[in-house]
Amino acid sequence: MVRWILSQKFLAYLEALVAQNLAYRGELLFFVLAQSLPLLFLALWVEGGPRPDADYARYYFFAWLAGFFRPTGVAYNLGYEINTGRLSPLLLRPFSPVLDHLADQLALLLVYLPLAMPVAALFPALFPGFLGGLSVARLPGYALYLALGFCFHFALGWLFGALAFFLERSEGLLEAYYGLLYFFGGMTLPLDALPPGLVRWLGWTPLPYLVYHPAALAAGWERQAGYGVLAGWTLLTGALAALAWRRGLARYSAMGA
Amino acid sequence: MEYAVVAEELRKTYWVAEKEPGLFGTLRHFVRRRYRRIEAVRGVSFALRPGEIVGFLGPNGAGKTTTLKMLTGLLYPSGGRAEVLGYRPQDRRPAFLRQITLVMGNKAQLLWDLPVLDTLRINAAVYEIPEAEYQKRVRRFASMLGIEGVLTQPVRKLSLGERMKAELMAALLHHPRVLFLDEPTLGLDVNAQAAVRDFVRQYARAEGATVLLTSHYMADIEALAERVIVIHEGRLLFDGGLKGLVERFAPYKEVRLDLEAPLAPGDLAPFGEVVELRGQSARLLVEKPRLTAVVARLLAEFPVRDLAVEEPPLEEVIGRVFREGRVA
């Protein structure tokens with residue numbers, strides 16, 4: 001399987017998936033708009049926050065960009081496939097449907113990121129001083145957070161999706177998770193606006209390392225690294241997802257297909 | 001390998017939640033779920049030799065599709081043993097999955113909004129088919145199915161027949177050795193049915209593939225299969241040659257009558273089972289031992305313009321088997 005992923009054929013597969021995703025032009029636009037929540041909060045904090053506007057602009061820009069690396073859509077897709085039996089054709093392929101979804105999410109990333117570029121280009125124009133506080137040296141750390149965040153969210157989506165084998169509707173779990181991420185992940189507000197005791201406690205969860213820490217790091221607000229905590233959560237979530245998937249397949253009814 | 005497909009005492013049991021209609025039923029269902037055990041397949045056994053084409057018959061809910069899903073590894077059997085090409089299907093090993101295919105007439109694997117060629121290209125990548133070989137197979141299959149002109153159209157724009165042909169192309173692109181076909185001609189017009197049948201026959205012959213085919217159209221079974229397996233309510237009713245099925249379950253012949261004058265209902269009842277009576281035409285089933293005597297009496301007692309004796313249509317034989325639920 002690893003050989004297949006590294007092969008030219010995987011690129012051909014990815015190319016076909018990109019073509020598939022590009023077929024839904026309207027949906028692409030809506031997805032990019034749906035990622036704009038941090039930008040709305042940027043407008044609020046610029047009005048009333050204690051930091052300079054450019055600081056908030058940098059923070060919310062990187063928080064916004066991190067949103068594209070959250071492939072939790074796999075939970076909806078898998079849940080739908082399991083409930084309707086549409087998983088069946090994927091199970092007949094000579095590799096796991098999970099890899100199929102991983103390839104699909106990578107293909108989506110390749111489609112979404114170029115669409116985000118015009119919006120990104122507006123930041124330096126709208127916020128003088130935006131570029132001034134940027135440092136290329138911080139970008140590898142930010143990229144590592146994004147890569148780990150992508151893996152964590154994929155594992156989480158896989159876990160929630162696999163729970164559809166046991167629950168009739170598992171999407172509600174994802175909604176609840178997003179509620180926590182919005183408030184405790186740093187999407188609606190930088191975490192330094194929360195009580196320090198709560199922030200310390202949150203440090204043991206993956207939430208602050210998915211938005212706040214990467215964005216704060218890239219924005220130049222020095223923060224301690226939390227890669228280890230996030231990697232640990234990713235491994236744990238991945239292991240739980242693999243277990244739920246294996247047990248779930250034995251219960252799969254293939255109804256509707 | 002002696003057998004390509006083996007099912008041995010194969011069983012599948014489901015638990016299904018039951019709910020009474022109405023608000024009260026909904027509330028009760030919310031508080032306390034009630035489940036019913038459904039035995040979809042109850043100890044079915046058969047074996048298919050490499051290259052065999054076998055019809056798999058049974059009424060709706062007989063357990064055909066469930067059996068196919070167990071043989072392809074989609075479902076874990078509740079009991080018994082399944083083996084396909086030496087593999088345990090539910091292990092879903094890549095080497096096994098590369099050699100089989102399942103086509104379901106009522107479900108699509110094609111990407112709805114993209115041209116057929118895009119799905120084919122994905123399948124080529126999935127099954128690691130070299131580019132030249134891929135191009136060759138696409139040309140060959142498209143020509144056999146007569147759909148060269150529609151491969152660049154979005155799937156949603158295709159007719160049902162074109163879509164089914166494209167489904168077959170996608171399902172066979174990797175040259176599987178075992179084909180599980182579940183109602184591949186469902187809803188197709190006569191021409192499209194014939195084209196699908198011809199394609200399956202040619203493919204199976206050329207590749208030496210083993211085919212297990214379910215269909216409600218007896219023409220499919222008659223055209224493709226020499227052997228049939230009949231199941232009913234999850235149990236095996238019959239496994240043998242088509243001819244044997246007719247002999248075993250239809251110990252009668254069909255007599256077609258064309259008369260000079262219309263008959264009254266009941267006139268033919270003493271001669272056999274009247275299947276159809278339309279003015280001056282009638283069809284009746286007559287037990288084989290009585291056939292000669294009945295034909296002689298019909299000719300003597302009625303103004304017969306034409307009389308023909310034939311084997312009863314397979315649909316009728318099968319229908320009779322299912323109604324009577326006779327066990328092999």
# chains A, B, ... in the order shown; residues from 1 in each chain; ligands from 1
call {"tool": "interface_residues", "arguments": {"of": "chain B", "to": "chain A", "cutoff": "7 Å", "atoms": "only C-alpha atoms", "output": "list in words"}}
result
Leu74, Leu75, Tyr76, Pro94, Leu97, Arg98, Lys107, Gln109, Leu114, Asp118, Ile122, Ala125 and Glu128 of chain B
call {"tool": "residues_around", "arguments": {"residues": "Asn191 of chain B", "least_positions_apart": "5", "cutoff": "12 Å", "atoms": "only C-alpha atoms", "output": "list in words"}}
result
Leu145, Gly146, Gly161, Glu162, Lys165, Thr185, Val196, Arg197 and Asp198 of chain B
call {"tool": "write_last_selection", "arguments": {"atoms": "N, CA and C atoms", "output": "PDB file, in the first residue's frame"}}
result
ATOM      1  N   LEU B 145     -19.425  -3.126 -26.485  1.00  0.00           N
ATOM      2  CA  LEU B 145     -20.703  -2.669 -25.924  1.00  0.00           C
ATOM      3  C   LEU B 145     -21.369  -1.587 -26.781  1.00  0.00           C
ATOM      4  N   GLY B 146     -20.627  -1.100 -27.767  1.00  0.00           N
ATOM      5  CA  GLY B 146     -21.187  -0.072 -28.654  1.00  0.00           C
ATOM      6  C   GLY B 146     -21.429   1.254 -27.963  1.00  0.00           C
ATOM      7  N   GLY B 161     -29.456   2.318 -20.230  1.00  0.00           N
ATOM      8  CA  GLY B 161     -28.718   1.257 -20.918  1.00  0.00           C
ATOM      9  C   GLY B 161     -27.245   1.622 -21.079  1.00  0.00           C
ATOM     10  N   GLU B 162     -26.982   2.860 -21.484  1.00  0.00           N
ATOM     11  CA  GLU B 162     -25.592   3.294 -21.660  1.00  0.00           C
ATOM     12  C   GLU B 162     -24.850   3.269 -20.327  1.00  0.00           C
ATOM     13  N   LYS B 165     -23.966  -0.259 -19.344  1.00  0.00           N
ATOM     14  CA  LYS B 165     -22.835  -0.747 -20.140  1.00  0.00           C
ATOM     15  C   LYS B 165     -21.528  -0.132 -19.614  1.00  0.00           C
ATOM     16  N   THR B 185     -29.166  -6.517 -15.790  1.00  0.00           N
ATOM     17  CA  THR B 185     -30.004  -5.998 -16.880  1.00  0.00           C
ATOM     18  C   THR B 185     -31.280  -5.345 -16.350  1.00  0.00           C
ATOM     19  N   VAL B 196     -25.844  -6.486 -23.142  1.00  0.00           N
ATOM     20  CA  VAL B 196     -25.155  -6.797 -21.887  1.00  0.00           C
ATOM     21  C   VAL B 196     -24.875  -8.294 -21.802  1.00  0.00           C
ATOM     22  N   ARG B 197     -25.875  -9.080 -22.183  1.00  0.00           N
ATOM     23  CA  ARG B 197     -25.710 -10.545 -22.161  1.00  0.00           C
ATOM     24  C   ARG B 197     -24.555 -10.984 -23.068  1.00  0.00           C
ATOM     25  N   ASP B 198     -24.550 -10.433 -24.303  1.00  0.00           N
ATOM     26  CA  ASP B 198     -23.495 -10.796 -25.256  1.00  0.00           C
ATOM     27  C   ASP B 198     -22.120 -10.442 -24.704  1.00  0.00           C
TER      28      ASP B 198
END
call {"tool": "residues_around", "arguments": {"residues": "Ala215 of chain A", "least_positions_apart": "4", "cutoff": "8 Å", "atoms": "only C-alpha atoms", "output": "PDB file with C-alpha atoms, in the first residue's frame"}}
result
ATOM      1  CA  ARG A  58      -1.433  38.076  11.153  1.00  0.00           C
ATOM      2  CA  TYR A  59      -2.974  35.860  13.854  1.00  0.00           C
ATOM      3  CA  TYR A  60      -6.340  35.488  12.132  1.00  0.00           C
ATOM      4  CA  PHE A  61      -4.737  35.101   8.725  1.00  0.00           C
ATOM      5  CA  PHE A  62      -2.831  32.031   9.920  1.00  0.00           C
ATOM      6  CA  ALA A  63      -5.844  30.790  11.896  1.00  0.00           C
ATOM      7  CA  ALA A  66      -5.146  26.429   9.203  1.00  0.00           C
ATOM      8  CA  TYR A 142       3.722  26.522  11.485  1.00  0.00           C
ATOM      9  CA  VAL A 211      -5.476  26.864  15.656  1.00  0.00           C
ATOM     10  CA  ALA A 219       2.129  35.707  13.876  1.00  0.00           C
TER      11      ALA A 219
END
call {"tool": "atom_distance", "arguments": {"atom1": "atom CA of Pro265 of chain B", "atom2": "atom CA of Arg305 of chain B"}}
result
18.7 Å
call {"tool": "residues_around", "arguments": {"residues": "Leu307 of chain B", "least_positions_apart": "5", "cutoff": "9 Å", "atoms": "only C-alpha atoms", "output": "list in words"}}
result
Val255, Arg256, Leu257, Asp258, Leu259, Val295 and Leu299 of chain B
call {"tool": "residues_around", "arguments": {"residues": "segment 3-10 of chain B", "least_positions_apart": "5", "cutoff": "6 Å", "atoms": "only C-alpha atoms", "output": "ChimeraX atom specification"}}
result
/B:43-50,79-85
call {"tool": "select_by_dssp", "arguments": {"residues": "segment 15-183 of chain A", "states": "alpha helix (DSSP H)", "output": "PyMOL selection string"}}
result
chain A and resi 15-22+25-34+37-48+53-66+73-84+87-91+97-126+139-162+171-183
call {"tool": "residues_around", "arguments": {"residues": "Arg177 of chain B", "least_positions_apart": "4", "cutoff": "7 Å", "atoms": "only C-alpha atoms", "output": "list in words"}}
result
Gln99, Ile100, Ala209 and Thr210 of chain B
call {"tool": "residues_around", "arguments": {"residues": "Met144 of chain B", "least_positions_apart": "4", "cutoff": "9 Å", "atoms": "only C-alpha atoms", "output": "compact mmCIF listing (two decimals) with C-alpha atoms, in the first residue's frame"}}
result
# COMPACT_ATOMS: atom_id res chain seq x y z
CA ARG B 139 -11.24 0.53 -26.91
CA ARG B 140 -12.09 -3.18 -26.85
CA ALA B 195 -26.01 -6.32 -25.57
CA ASP B 198 -23.49 -10.80 -25.26
CA PHE B 199 -20.78 -8.79 -23.56
CA GLN B 202 -17.86 -12.90 -24.71
call {"tool": "closest_residue", "arguments": {"among": "B:Ala308, B:Ala124, B:Leu181, B:Ala204", "to": "Leu57 of chain B", "atoms": "only C-alpha atoms"}}
result
B:Leu181
call {"tool": "select_by_dssp", "arguments": {"residues": "segment 5-209 of chain B", "states": "strand (DSSP E)", "output": "MDAnalysis selection string"}}
result
chainID B and resid 5:18 34:48 53:57 79:84 100:104 178:182
